[in-house]
4 protein chains.
Amino acid sequence: MIIVLRAGSSDAEVEDVCRRIERMGYRAHTIRGELRTVIGAIGDDRGKDRLKSLESLECVEAVQPILQPFKLASREVRREATVVPVDGVRVGGRAIVVMAGPCSVESRAQVLEVAAKVKAAGASVLRGGAFKPRTSPYSFQGLEEEGLKYLAEAKRETGLPVVTEVMEPEKVELVANYSDILQIGARNIQNFSLLRRVAETRKPVLLKRGMATSIQEWLLSAEYVLSGGNPHVILCERGIRTFETATRNTLDLSAVALAKRSTHLPVVVDPSHAAGRPDLVLPLSLAAAAAGADGLLVEVHARPEEALSDGAQALRPRELRDLMDRLDPVLGAVGRALWRPEGARRAALL
Amino acid sequence: MIIVLRAGSSDAEVEDVCRRIERMGYRAHTIRGELRTVIGAIGDDRGKDRLKSLESLECVEAVQPILQPFKLASREVRREATVVPVDGVRVGGRAIVVMAGPCSVESRAQVLEVAAKVKAAGASVLRGGAFKPRTSPYSFQGLEEEGLKYLAEAKRETGLPVVTEVMEPEKVELVANYSDILQIGARNIQNFSLLRRVAETRKPVLLKRGMATSIQEWLLSAEYVLSGGNPHVILCERGIRTFETATRNTLDLSAVALAKRSTHLPVVVDPSHAAGRPDLVLPLSLAAAAAGADGLLVEVHARPEEALSDGAQALRPRELRDLMDRLDPVLGAVGRALWRPEGARRAALL
Amino acid sequence: MIIVLRAGSSDAEVEDVCRRIERMGYRAHTIRGELRTVIGAIGDDRGKDRLKSLESLECVEAVQPILQPFKLASREVRREATVVPVDGVRVGGRAIVVMAGPCSVESRAQVLEVAAKVKAAGASVLRGGAFKPRTSPYSFQGLEEEGLKYLAEAKRETGLPVVTEVMEPEKVELVANYSDILQIGARNIQNFSLLRRVAETRKPVLLKRGMATSIQEWLLSAEYVLSGGNPHVILCERGIRTFETATRNTLDLSAVALAKRSTHLPVVVDPSHAAGRPDLVLPLSLAAAAAGADGLLVEVHARPEEALSDGAQALRPRELRDLMDRLDPVLGAVGRALWRPEGARRAALL
Amino acid sequence: MIIVLRAGSSDAEVEDVCRRIERMGYRAHTIRGELRTVIGAIGDDRGKDRLKSLESLECVEAVQPILQPFKLASREVRREATVVPVDGVRVGGRAIVVMAGPCSVESRAQVLEVAAKVKAAGASVLRGGAFKPRTSPYSFQGLEEEGLKYLAEAKRETGLPVVTEVMEPEKVELVANYSDILQIGARNIQNFSLLRRVAETRKPVLLKRGMATSIQEWLLSAEYVLSGGNPHVILCERGIRTFETATRNTLDLSAVALAKRSTHLPVVVDPSHAAGRPDLVLPLSLAAAAAGADGLLVEVHARPEEALSDGAQALRPRELRDLMDRLDPVLGAVGRALWRPEGARRAALL
């Protein structure tokens with residue numbers, strides 16, 4: 001941490017600040033500039049918050065961090081990429097994984113139909129929400145455990161592992177029983193009780209970045225899961241909230257490229273929630289792949305115009321097939337490939 | 001809802017959309033403009049999401065809502081202001097309520113000292129966090145139940161009711177046992193499981209607007225509590241996240257003025273988290289009062305420079321006293337007053 | 001500036017960076033921390049940009065500034081508040097100044113009528129646009145020089161000085177001939193050619209903060225005018241662009257309170273453009289006054305529903321009168337007063 | 001436009017609004033819903049602003065537009081893509097164009113060296129700033145006309161056409177004399193006087209989206225140039241300002257994909273200003289190409305660590321060469337190619 005003193009701070013003030021820094025267990029190192037004196041506090045960064053409180057001294061102008069506050073998620077700690085195993089599918093390797101399915105599980109028939117269709121289109125994981133975080137209490141709230149059962153049945157029929165959202169600590173065990181990846185939604189990215197609970201399961205966790213979550217905060221939420229003993233974290237960029245209203249959110253592919261540099265965790269992209277409209281899902285999927293994403297999370301519905309939620313952004317199954325066809329050469333161009341069940345062994349060797 | 005069709009839609013398409021609207025239980029009313037045809041869907045707005053899915057039809061350009069989606073929170077439903085009773089203190093009446101105390105409960109001695117001091121300064125509710133939502137897993141996470149006990153002891157000593165944060169559904173009962181107002185933090189404003197659980201307690205709930213929560217979404221979160229059967233909701237504006245980094249957040253006083261118009265619920269302001277620095281707390285408190293806020297939530301610490309969290313934004317007790325002194329005439333100027341224990345009866349008559 | 005090196009930088013790299021810093025005319029001061037080495041570059045901050053380029057060295061992680069980059073605008077350079085004289089009215093003293101009038105000058109009759117009415121309501125400066133920056137080329141673009149003449153005539157009739165916008169360097173002289181304050185609109189806050197030109201006139205300049213302009217950038221734009229030799233700068237906060245769409249912009253009163261601390265320049269507030277709706281203008285005006293604003297810029301139209309631009313946010317003259325009546329006691333409560341022609345002498349003594 | 005009336009509006013009020021709509025030259029069409037009455041105003045959308053002023057009537061809740069306000073820029077008006085001819089290079093066709101060079105022209109030697117190197121790396125247009133919009137008046141402001149001459153000399157030596165920024169109307173003719181594309185910077189996207197002046201030149205214009213400019217506003221700025229008689233408009237996405245500070249701006253590739261759908265104009269991407277750091281330029285360039293961009297604007301400096309401005313984000317020439325090599329297969333994968341002088345004829349045939 002760097003402590004910047006106000007112009008005209010006296011020697012006594014500088015000494016007082018140094019003494020306080022040392023009392024907190026850091027070494028203090030003073031630099032006198034032409035207009036300002038700054039003091040470096042040297043030592044373990046974990047006490048950062050306490051140093052920050054020095055800002056309330058009259059003579060301190062600002063306390064600035066120097067280090068990134070995350071550790072286990074950092075590339076500096078672990079150079080090689082983490083690959084998360086999901087019941088035979090591997091997320092984070094050379095092959096990128098397409099997870100597809102409806103926003104909500106609406107009925108047994110609906111989910112079985114769409115599961116078969118996304119499998120036929122080439123997806124390797126089935127997505128679908130049984131517990132739904134809805135902005136309004138009057139919206140469809142999901143089929144809950146019944147929905148989980150339909151997802152499990154769809155898995156038995158298609159062989160596709162399932163990713164589904166869990167919204168509260170008490171339901172973690174239940175959702176873990178029926179699914180392969182526990183999704184933490186954008187609204188729960190800083191629900192720390194939930195993060196601690198999913199850490200305990202040791203199951204793969206897909207962490208959606210929140211609408212106003214900085215990249216650093218997103219990685220700190222990953223750090224909650226990692227430091228809780230669960231190394232199987234998949235990050236998911238799904239658009240942030242900005243002033244632009246022509247799209248539902250603003251997809252931040254710089255965050256994907258940056259996260260791939262600063263962390264060893266796999267990063268997937270949800271172009272459906274980012275765009276909020278189906279015609280942008282294809283170009284954004286190709287762009288995500290080119291930017292280095294390790295997977296895609298795509299909403300697909302057999303009849304979007306009849307969906308109980310978010311139909312306005314879902315692809316039809318044939319549009320997903322088209323997307324896969326178009327994705328293939330782009331992945332080849334950046335030295336990657338689509339995950340395919342039959343290709344599993346080959347990709348794993350790379 | 002208004003359904004806007006694309007330029008050049010055929011009569012058959014218009015009819016198809018009308019038929020779908022009617023099948024969902026609405027009446028369809030077509031207007032043919034010079035360039036566009038629009039269809040009004042008339043009926044109960046609760047099926048809004050399903051109508052929105054019509055956007056995935058080729059011929060539909062956009063589906064626009066006409067009505068606000070919240071009902072119980074709306075001034076249209078209830079004209080008179082809601083007053084929330086908090087163990088003798090009334091939030092939402094003519095008198096405005098100052099809630100003050102430390103960010104975190106750090107020790108028994110700390111909370112008893114600061115409680116006595118904020119009472120002496122004129123605050124009428126004690127704030128303090130026992131469960132702390134911390135961005136980093138390595139930061140101080142709060143004293144938990146032990147902290148709740150210290151808060152309850154501080155209440156016994158000072159008579160001040162207590163507001164404290166609850167972070168997960170399973171802890172609602174525990175926190176409710178020790179406190180008078182259940183605070184939902186900014187990070188949990190769309191933690192719908194938690195909202196449903198605090199609704200069940202019938203205790204006063206203080207709902208902090210999230211960093212990227214629109215006013216409409218904030219009121220829909222209130223709607224979760226209200227529709228769950230708990231009418232005692234206090235809204236709290238605490239700054240939103242914008243591009244500006246000179247302040248921790250951007251305090252949105254337009255949201256306060258607007259919420260006071262569109263809802264009957266009391267609205268309080270947290271200038272400490274908004275500003276992130278103590279020197280702005282006074283002017284923002286005065287501004288909040290002038291804009292129509294029903295209360296303030298102010299961080300106070302006996303020795304901010306030693307605080308375990310957020311010391312950089314806390315006032316010292318004498319600064320709180322100064323704030324109260326400066327607030328008094330501003331409140332008088334807008335026809336309001338500070339809540340004072342001895343003034344309770346008088347204010348209640350107004 | 002603080003140069004942060006990457007973990008594991010070699011001694012040779014540290015020395016290379018120090019040599020480069022010294023070649024640019026700074027002294028280099030190295031601190032070796034547990035994980036990182038940082039180097040302070042000591043000397044005049046004006047070469048900041050060049051130091052920033054060191055980030056492109058492999059071994060440099062970040063280059064962080066320590067000092068605020070503005071000088072002439074800073075309270076550190078000039079402690080006492082600047083008072084800007086505007087043809088008899090003084091902006092920045094104890095008395096706060098209300099500038100009112102229509103968004104656009106639409107006709108001679110319209111501007112003469114509204115000028116008389118805002119004067120009767122107690123405003124002390126007339127606002128009105130003759131050159132209009134309109135988002136669409138198909139919108140009404142203003143009466144240009146003809147509009148300036150009507151404003152000048154309205155000044156002759158009422159005695160109210162005039163503030164009006166200038167949009168391009170070539171028109172500065174023309175607009176200066178007809179007006180008392182040159183307004184730089186939000187869209188031109190970083191039109192540096194225009195800033196340099198208005199600096200040359202030595203006329204009062206009202207600088208509207210841009211929709212995405214940080215407080216620091218706003219003050220740097222003021223610095224362009226000040227360093228160009230014109231000390232008569234009035235800052236104007238008018239709302240920033242955020243994700244919230246319920247209001248036209250988000251009024252940032254923290255920026256007002258902060259600017260009053262970090263600069264000696266007067267700061268006024270435009271609640272009309274911030275809110276975009278008339279019912280919020282009153283509470284936001286009171287809040288601005290309580291937060292320490294030195295003036296208000298309020299849109300007023302005799303018949304808003306017929307306005308050629310921005311009618312949806314204009315007050316009617318009687319609403320302005322009501323606003324002035326409500327403002328008076330709030331100003332008294334914060335030790336200030338409304339500027340009134342007859343009170344000029346008294347206020348000037350304070 | 002759709003005019004939404006408040007709940008409980010009387011028949012007389014509905015009639016009054018209809019009469020006003022008709023007086024403005026529109027037909028009024030009333031729909032009575034269960035809770036609200038809405039009125040459609042049918043007719044030419046150009047009077048939109050006047051209709052918007054109806055919001056100031058007591059009984060009107062909101063006035064909502066139905067149509068996009070831009071016309072000449074719209075795909076509805078012109079289906080086929082516009083190709084902008086730039087002295088032999090064609091922007092907007094199948095081949096994508098890389099424009100590269102330094103942020104600022106710093107000296108004759110610097111620009112000649114870098115021009116030769118970017119040409120060798122495969123760029124087809126030279127970029128470089130002679131007039132520089134700098135946030136601080138104390139930063140290097142550019143070599144102005146001298147810089148333009150060096151650019152022209154670099155063009156004579158390399159054959160590369162030149163794109164350079166023009167900042168004020170009075171300089172348009174001067175800059176047009178020395179360059180092939182007139183760049184309007186992000187800070188001037190709503191400098192309407194400047195837009196009108198560059199329209200008169202009939203020269204290609206590159207319009208950088210502003211930091212807080214919505215897609216719709218960006219296209220309306222293009223509409224100023226198009227309606228001024230200049231069809232040669234190139235749009236440029238360069239990142240918007242959001243809460244995220246890990247990157248300089250947030251590159252909005254959804255805007256690129258969306259603009260390609262809603263307008264016929266070519267869209268290029270500036271990954272350098274978006275990212276503000278060189279290591280993200282490659283992945284963002286590939287992503288932009290995959291999303292459908294028609295070109296790239298990349299900052300390149302022979303020795304970034306010595307640059308007078310923005311060195312921290314510039315590529316070195318060998319990094320540009322690497323970028324071109326990596327771009328090639330991605331373009332092939334999406335059915336496009338790099339513009340190459342020798343390939344000009346072939347690409348033009350497509």
# chains A, B, ... in the order shown; residues from 1 in each chain; ligands from 1
call {"tool": "interface_residues", "arguments": {"of": "chain A", "to": "chain B", "cutoff": "9 Å", "atoms": "only C-alpha atoms", "output": "ChimeraX atom specification"}}
result
/A:46-57,69-70,133-140,167-170,187-194,211-213,217,220-221,223-224,227,241-242,277-278,303-315
call {"tool": "write_last_selection", "arguments": {"atoms": "C-alpha atoms", "output": "PDB file, in the first residue's frame"}}
result
ATOM      1  CA  ARG A  46      -4.125  -9.093   3.840  1.00  0.00           C
ATOM      2  CA  GLY A  47      -4.359  -6.272   6.390  1.00  0.00           C
ATOM      3  CA  LYS A  48      -5.120  -3.861   3.587  1.00  0.00           C
ATOM      4  CA  ASP A  49      -8.486  -2.785   5.012  1.00  0.00           C
ATOM      5  CA  ARG A  50      -6.915  -1.623   8.224  1.00  0.00           C
ATOM      6  CA  LEU A  51      -4.338   0.459   6.375  1.00  0.00           C
ATOM      7  CA  LYS A  52      -7.174   1.969   4.341  1.00  0.00           C
ATOM      8  CA  SER A  53      -8.661   3.342   7.559  1.00  0.00           C
ATOM      9  CA  LEU A  54      -5.629   5.636   7.875  1.00  0.00           C
ATOM     10  CA  GLU A  55      -7.390   7.810   5.307  1.00  0.00           C
ATOM     11  CA  SER A  56      -9.425   9.196   8.157  1.00  0.00           C
ATOM     12  CA  LEU A  57      -6.346  10.913   9.589  1.00  0.00           C
ATOM     13  CA  PRO A  69      -5.996  -8.650  -3.723  1.00  0.00           C
ATOM     14  CA  PHE A  70      -6.696 -12.140  -5.072  1.00  0.00           C
ATOM     15  CA  PRO A 133     -34.305 -15.204  -9.812  1.00  0.00           C
ATOM     16  CA  ARG A 134     -37.072 -12.973 -11.174  1.00  0.00           C
ATOM     17  CA  THR A 135     -37.064  -9.196 -10.771  1.00  0.00           C
ATOM     18  CA  SER A 136     -40.812  -9.201 -10.130  1.00  0.00           C
ATOM     19  CA  PRO A 137     -42.622 -11.393  -7.601  1.00  0.00           C
ATOM     20  CA  TYR A 138     -45.429 -11.705 -10.147  1.00  0.00           C
ATOM     21  CA  SER A 139     -43.268 -13.416 -12.800  1.00  0.00           C
ATOM     22  CA  PHE A 140     -42.958 -17.160 -13.257  1.00  0.00           C
ATOM     23  CA  MET A 167     -30.052 -19.310  -5.361  1.00  0.00           C
ATOM     24  CA  GLU A 168     -29.752 -19.994  -1.653  1.00  0.00           C
ATOM     25  CA  PRO A 169     -27.412 -21.845   0.695  1.00  0.00           C
ATOM     26  CA  GLU A 170     -30.123 -24.195   1.971  1.00  0.00           C
ATOM     27  CA  ARG A 187     -27.424 -11.277  -8.812  1.00  0.00           C
ATOM     28  CA  ASN A 188     -25.688 -13.623  -6.358  1.00  0.00           C
ATOM     29  CA  ILE A 189     -22.058 -13.042  -7.298  1.00  0.00           C
ATOM     30  CA  GLN A 190     -21.535 -11.308  -3.953  1.00  0.00           C
ATOM     31  CA  ASN A 191     -23.812 -13.597  -1.952  1.00  0.00           C
ATOM     32  CA  PHE A 192     -20.905 -14.755   0.137  1.00  0.00           C
ATOM     33  CA  SER A 193     -22.882 -17.253   2.218  1.00  0.00           C
ATOM     34  CA  LEU A 194     -23.871 -18.984  -0.989  1.00  0.00           C
ATOM     35  CA  MET A 211     -24.116  -6.475 -13.649  1.00  0.00           C
ATOM     36  CA  ALA A 212     -21.924  -4.005 -11.800  1.00  0.00           C
ATOM     37  CA  THR A 213     -19.125  -6.257 -10.628  1.00  0.00           C
ATOM     38  CA  GLU A 217     -14.467  -8.260  -7.509  1.00  0.00           C
ATOM     39  CA  LEU A 220     -12.437 -12.159  -5.425  1.00  0.00           C
ATOM     40  CA  SER A 221     -15.759 -14.005  -5.494  1.00  0.00           C
ATOM     41  CA  GLU A 223     -11.386 -16.587  -4.413  1.00  0.00           C
ATOM     42  CA  TYR A 224     -14.170 -17.304  -1.887  1.00  0.00           C
ATOM     43  CA  SER A 227     -10.204 -20.612  -0.559  1.00  0.00           C
ATOM     44  CA  ARG A 241     -24.922  -2.738 -17.015  1.00  0.00           C
ATOM     45  CA  THR A 242     -24.063   0.521 -18.755  1.00  0.00           C
ATOM     46  CA  ARG A 277     -31.945 -10.411 -28.639  1.00  0.00           C
ATOM     47  CA  PRO A 278     -31.292 -13.464 -30.768  1.00  0.00           C
ATOM     48  CA  ARG A 303     -40.626 -22.134 -29.616  1.00  0.00           C
ATOM     49  CA  PRO A 304     -39.168 -18.898 -28.210  1.00  0.00           C
ATOM     50  CA  GLU A 305     -42.363 -16.936 -28.861  1.00  0.00           C
ATOM     51  CA  GLU A 306     -44.141 -19.090 -26.288  1.00  0.00           C
ATOM     52  CA  ALA A 307     -41.417 -19.110 -23.606  1.00  0.00           C
ATOM     53  CA  LEU A 308     -42.431 -18.256 -20.050  1.00  0.00           C
ATOM     54  CA  SER A 309     -39.271 -16.199 -19.574  1.00  0.00           C
ATOM     55  CA  ASP A 310     -36.687 -14.501 -21.770  1.00  0.00           C
ATOM     56  CA  GLY A 311     -38.086 -15.917 -24.997  1.00  0.00           C
ATOM     57  CA  ALA A 312     -37.074 -12.685 -26.651  1.00  0.00           C
ATOM     58  CA  GLN A 313     -33.428 -13.692 -26.548  1.00  0.00           C
ATOM     59  CA  ALA A 314     -33.537 -17.452 -27.185  1.00  0.00           C
ATOM     60  CA  LEU A 315     -32.272 -19.132 -30.336  1.00  0.00           C
TER      61      LEU A 315
END
call {"tool": "select_by_dssp", "arguments": {"residues": "segment 56-276 of chain B", "states": "strand (DSSP E)", "output": "CSV table (one decimal) with N, CA, C and O atoms, in the first residue's frame"}}
result
chain,number,residue,atom,x,y,z
B,60,VAL,N,-41.9,-8.9,-35.3
B,60,VAL,CA,-42.0,-8.0,-34.2
B,60,VAL,C,-40.7,-7.3,-33.9
B,60,VAL,O,-39.7,-8.0,-33.8
B,61,GLU,N,-40.8,-6.0,-33.9
B,61,GLU,CA,-39.6,-5.2,-33.7
B,61,GLU,C,-39.3,-5.1,-32.2
B,61,GLU,O,-38.1,-5.2,-31.7
B,62,ALA,N,-40.3,-4.8,-31.4
B,62,ALA,CA,-40.1,-4.5,-30.0
B,62,ALA,C,-41.5,-4.7,-29.2
B,62,ALA,O,-42.5,-4.5,-29.8
B,63,VAL,N,-41.4,-5.0,-28.0
B,63,VAL,CA,-42.5,-5.1,-27.1
B,63,VAL,C,-42.2,-4.2,-25.9
B,63,VAL,O,-41.3,-4.3,-25.2
B,64,GLN,N,-43.0,-3.1,-25.8
B,64,GLN,CA,-42.8,-2.1,-24.8
B,64,GLN,C,-43.8,-2.0,-23.8
B,64,GLN,O,-45.0,-1.9,-24.0
B,84,VAL,N,-43.3,3.4,9.4
B,84,VAL,CA,-42.8,2.1,9.9
B,84,VAL,C,-42.4,2.3,11.4
B,84,VAL,O,-41.6,3.1,11.7
B,85,PRO,N,-43.1,1.5,12.3
B,85,PRO,CA,-42.9,1.7,13.7
B,85,PRO,C,-41.7,0.8,14.1
B,85,PRO,O,-41.6,-0.4,13.8
B,86,VAL,N,-40.7,1.4,14.8
B,86,VAL,CA,-39.5,0.7,15.1
B,86,VAL,C,-39.3,0.8,16.6
B,86,VAL,O,-38.5,1.7,17.1
B,89,VAL,N,-39.8,4.3,17.8
B,89,VAL,CA,-39.3,5.3,16.8
B,89,VAL,C,-40.2,5.1,15.6
B,89,VAL,O,-40.6,3.9,15.2
B,90,ARG,N,-40.6,6.2,14.9
B,90,ARG,CA,-41.5,6.0,13.7
B,90,ARG,C,-40.7,6.6,12.5
B,90,ARG,O,-40.4,7.7,12.4
B,91,VAL,N,-40.5,5.7,11.5
B,91,VAL,CA,-39.8,6.1,10.3
B,91,VAL,C,-40.8,6.3,9.2
B,91,VAL,O,-41.6,5.4,8.8
B,95,ALA,N,-41.0,13.6,11.2
B,95,ALA,CA,-39.7,13.7,11.9
B,95,ALA,C,-38.7,12.7,11.2
B,95,ALA,O,-39.1,11.6,10.9
B,96,ILE,N,-37.5,13.2,10.9
B,96,ILE,CA,-36.6,12.3,10.2
B,96,ILE,C,-35.7,11.6,11.2
B,96,ILE,O,-35.4,12.2,12.3
B,97,VAL,N,-35.3,10.4,10.9
B,97,VAL,CA,-34.6,9.5,11.9
B,97,VAL,C,-33.2,9.4,11.5
B,97,VAL,O,-32.9,9.0,10.4
B,98,VAL,N,-32.3,9.6,12.5
B,98,VAL,CA,-30.9,9.4,12.2
B,98,VAL,C,-30.4,8.1,12.8
B,98,VAL,O,-30.6,7.9,14.0
B,99,MET,N,-29.9,7.2,12.0
B,99,MET,CA,-29.4,5.9,12.5
B,99,MET,C,-27.9,6.0,12.3
B,99,MET,O,-27.4,6.2,11.3
B,100,ALA,N,-27.2,5.7,13.4
B,100,ALA,CA,-25.7,5.9,13.4
B,100,ALA,C,-25.0,4.8,14.1
B,100,ALA,O,-25.6,4.2,15.0
B,101,GLY,N,-23.8,4.6,13.8
B,101,GLY,CA,-23.0,3.6,14.5
B,101,GLY,C,-21.9,3.1,13.5
B,101,GLY,O,-21.7,3.7,12.4
B,125,VAL,N,-31.4,5.6,16.3
B,125,VAL,CA,-31.3,4.2,16.1
B,125,VAL,C,-29.8,3.9,16.0
B,125,VAL,O,-29.0,4.7,15.5
B,126,LEU,N,-29.4,2.7,16.5
B,126,LEU,CA,-28.0,2.3,16.4
B,126,LEU,C,-27.8,1.4,15.3
B,126,LEU,O,-28.5,0.4,15.1
B,127,ARG,N,-26.8,1.7,14.4
B,127,ARG,CA,-26.5,0.8,13.3
B,127,ARG,C,-25.1,0.1,13.7
B,127,ARG,O,-24.3,0.6,14.4
B,162,VAL,N,-32.0,-1.2,17.2
B,162,VAL,CA,-30.8,-1.6,16.4
B,162,VAL,C,-31.2,-2.0,15.0
B,162,VAL,O,-32.2,-2.7,14.8
B,163,VAL,N,-30.4,-1.5,14.1
B,163,VAL,CA,-30.5,-2.0,12.7
B,163,VAL,C,-29.2,-2.7,12.3
B,163,VAL,O,-28.2,-2.2,12.6
B,164,THR,N,-29.4,-3.9,11.8
B,164,THR,CA,-28.2,-4.7,11.5
B,164,THR,C,-28.5,-5.6,10.3
B,164,THR,O,-29.6,-6.0,10.0
B,165,GLU,N,-27.4,-5.9,9.5
B,165,GLU,CA,-27.6,-6.6,8.3
B,165,GLU,C,-27.8,-8.1,8.5
B,165,GLU,O,-27.1,-8.8,9.3
B,181,ILE,N,-34.5,-3.7,13.2
B,181,ILE,CA,-34.7,-3.6,11.7
B,181,ILE,C,-33.7,-4.5,11.1
B,181,ILE,O,-32.5,-4.5,11.4
B,182,LEU,N,-34.2,-5.3,10.1
B,182,LEU,CA,-33.4,-6.2,9.4
B,182,LEU,C,-32.9,-5.5,8.1
B,182,LEU,O,-33.7,-5.1,7.3
B,183,GLN,N,-31.6,-5.3,8.0
B,183,GLN,CA,-31.1,-4.6,6.9
B,183,GLN,C,-30.7,-5.6,5.8
B,183,GLN,O,-30.0,-6.6,6.0
B,184,ILE,N,-31.2,-5.3,4.6
B,184,ILE,CA,-30.8,-6.1,3.4
B,184,ILE,C,-29.8,-5.3,2.7
B,184,ILE,O,-30.1,-4.1,2.2
B,205,VAL,N,-38.0,-3.9,7.7
B,205,VAL,CA,-36.9,-4.3,6.8
B,205,VAL,C,-36.3,-3.0,6.1
B,205,VAL,O,-37.1,-2.2,5.6
B,206,LEU,N,-35.0,-2.8,6.1
B,206,LEU,CA,-34.4,-1.7,5.4
B,206,LEU,C,-33.7,-2.2,4.2
B,206,LEU,O,-32.8,-3.1,4.3
B,207,LEU,N,-34.2,-1.8,3.0
B,207,LEU,CA,-33.8,-2.4,1.7
B,207,LEU,C,-32.8,-1.4,1.1
B,207,LEU,O,-33.2,-0.4,0.5
B,208,LYS,N,-31.5,-1.7,1.1
B,208,LYS,CA,-30.6,-0.9,0.4
B,208,LYS,C,-30.6,-1.1,-1.1
B,208,LYS,O,-30.5,-2.3,-1.5
B,233,VAL,N,-41.6,-1.8,5.2
B,233,VAL,CA,-40.4,-1.7,4.4
B,233,VAL,C,-39.9,-0.2,4.4
B,233,VAL,O,-40.6,0.7,4.1
B,234,ILE,N,-38.6,-0.1,4.6
B,234,ILE,CA,-37.9,1.2,4.5
B,234,ILE,C,-36.9,1.1,3.4
B,234,ILE,O,-36.1,0.2,3.3
B,235,LEU,N,-37.0,2.0,2.4
B,235,LEU,CA,-36.0,2.0,1.3
B,235,LEU,C,-34.8,2.8,1.7
B,235,LEU,O,-34.9,3.8,2.4
B,236,CYS,N,-33.6,2.4,1.2
B,236,CYS,CA,-32.4,3.1,1.5
B,236,CYS,C,-31.6,3.3,0.3
B,236,CYS,O,-31.1,2.4,-0.3
B,237,GLU,N,-31.4,4.6,-0.1
B,237,GLU,CA,-30.5,4.9,-1.2
B,237,GLU,C,-29.1,5.1,-0.7
B,237,GLU,O,-28.9,5.8,0.3
B,267,VAL,N,-38.2,6.6,2.7
B,267,VAL,CA,-36.9,6.5,2.0
B,267,VAL,C,-35.8,7.1,2.9
B,267,VAL,O,-35.9,8.3,3.2
B,268,VAL,N,-34.8,6.4,3.2
B,268,VAL,CA,-33.7,7.0,4.0
B,268,VAL,C,-32.4,6.9,3.1
B,268,VAL,O,-32.4,6.3,2.0
B,269,VAL,N,-31.4,7.7,3.5
B,269,VAL,CA,-30.2,7.8,2.7
B,269,VAL,C,-29.0,7.5,3.5
B,269,VAL,O,-28.9,7.8,4.7
call {"tool": "residues_around", "arguments": {"residues": "Leu112 of chain D", "least_positions_apart": "2", "cutoff": "12 Å", "atoms": "only C-alpha atoms", "output": "PyMOL selection string"}}
result
chain D and resi 101-102+105-110+114-119+126-128+147+149-160+301-302
call {"tool": "residues_around", "arguments": {"residues": "Val256 of chain D", "least_positions_apart": "5", "cutoff": "12 Å", "atoms": "only C-alpha atoms", "output": "PyMOL selection string"}}
result
(chain A and resi 246-247+250-251+275+280+283-284+287) or (chain D and resi 209+215+218-219+234-239+251+261-270+287-296)
call {"tool": "residues_around", "arguments": {"residues": "Ala41 of chain B", "least_positions_apart": "6", "cutoff": "9 Å", "atoms": "only C-alpha atoms", "output": "list in words"}}
result
Met1, Ile2, Ile3, Cys18, Ile21, Glu22, Tyr26, Arg27, Ala28, His29, Thr30 and Leu51 of chain B; Gly33 of chain D
call {"tool": "write_last_selection", "arguments": {"atoms": "C-alpha atoms", "output": "PDB file, in the first residue's frame"}}
result
ATOM      1  CA  MET B   1     -47.988  -3.595 -23.545  1.00  0.00           C
ATOM      2  CA  ILE B   2     -47.398  -2.100 -26.993  1.00  0.00           C
ATOM      3  CA  ILE B   3     -46.173  -4.484 -29.683  1.00  0.00           C
ATOM      4  CA  CYS B  18     -53.228 -10.517 -32.634  1.00  0.00           C
ATOM      5  CA  ILE B  21     -52.067 -11.961 -27.920  1.00  0.00           C
ATOM      6  CA  GLU B  22     -55.666 -13.082 -27.569  1.00  0.00           C
ATOM      7  CA  TYR B  26     -55.432 -10.070 -23.763  1.00  0.00           C
ATOM      8  CA  ARG B  27     -57.456  -7.998 -26.148  1.00  0.00           C
ATOM      9  CA  ALA B  28     -55.508  -6.821 -29.185  1.00  0.00           C
ATOM     10  CA  HIS B  29     -55.974  -3.346 -30.614  1.00  0.00           C
ATOM     11  CA  THR B  30     -54.225  -2.457 -33.869  1.00  0.00           C
ATOM     12  CA  LEU B  51     -45.959 -10.999 -24.149  1.00  0.00           C
TER      13      LEU B  51
ATOM     14  CA  GLY D  33     -56.829  -0.236 -21.561  1.00  0.00           C
TER      15      GLY D  33
END
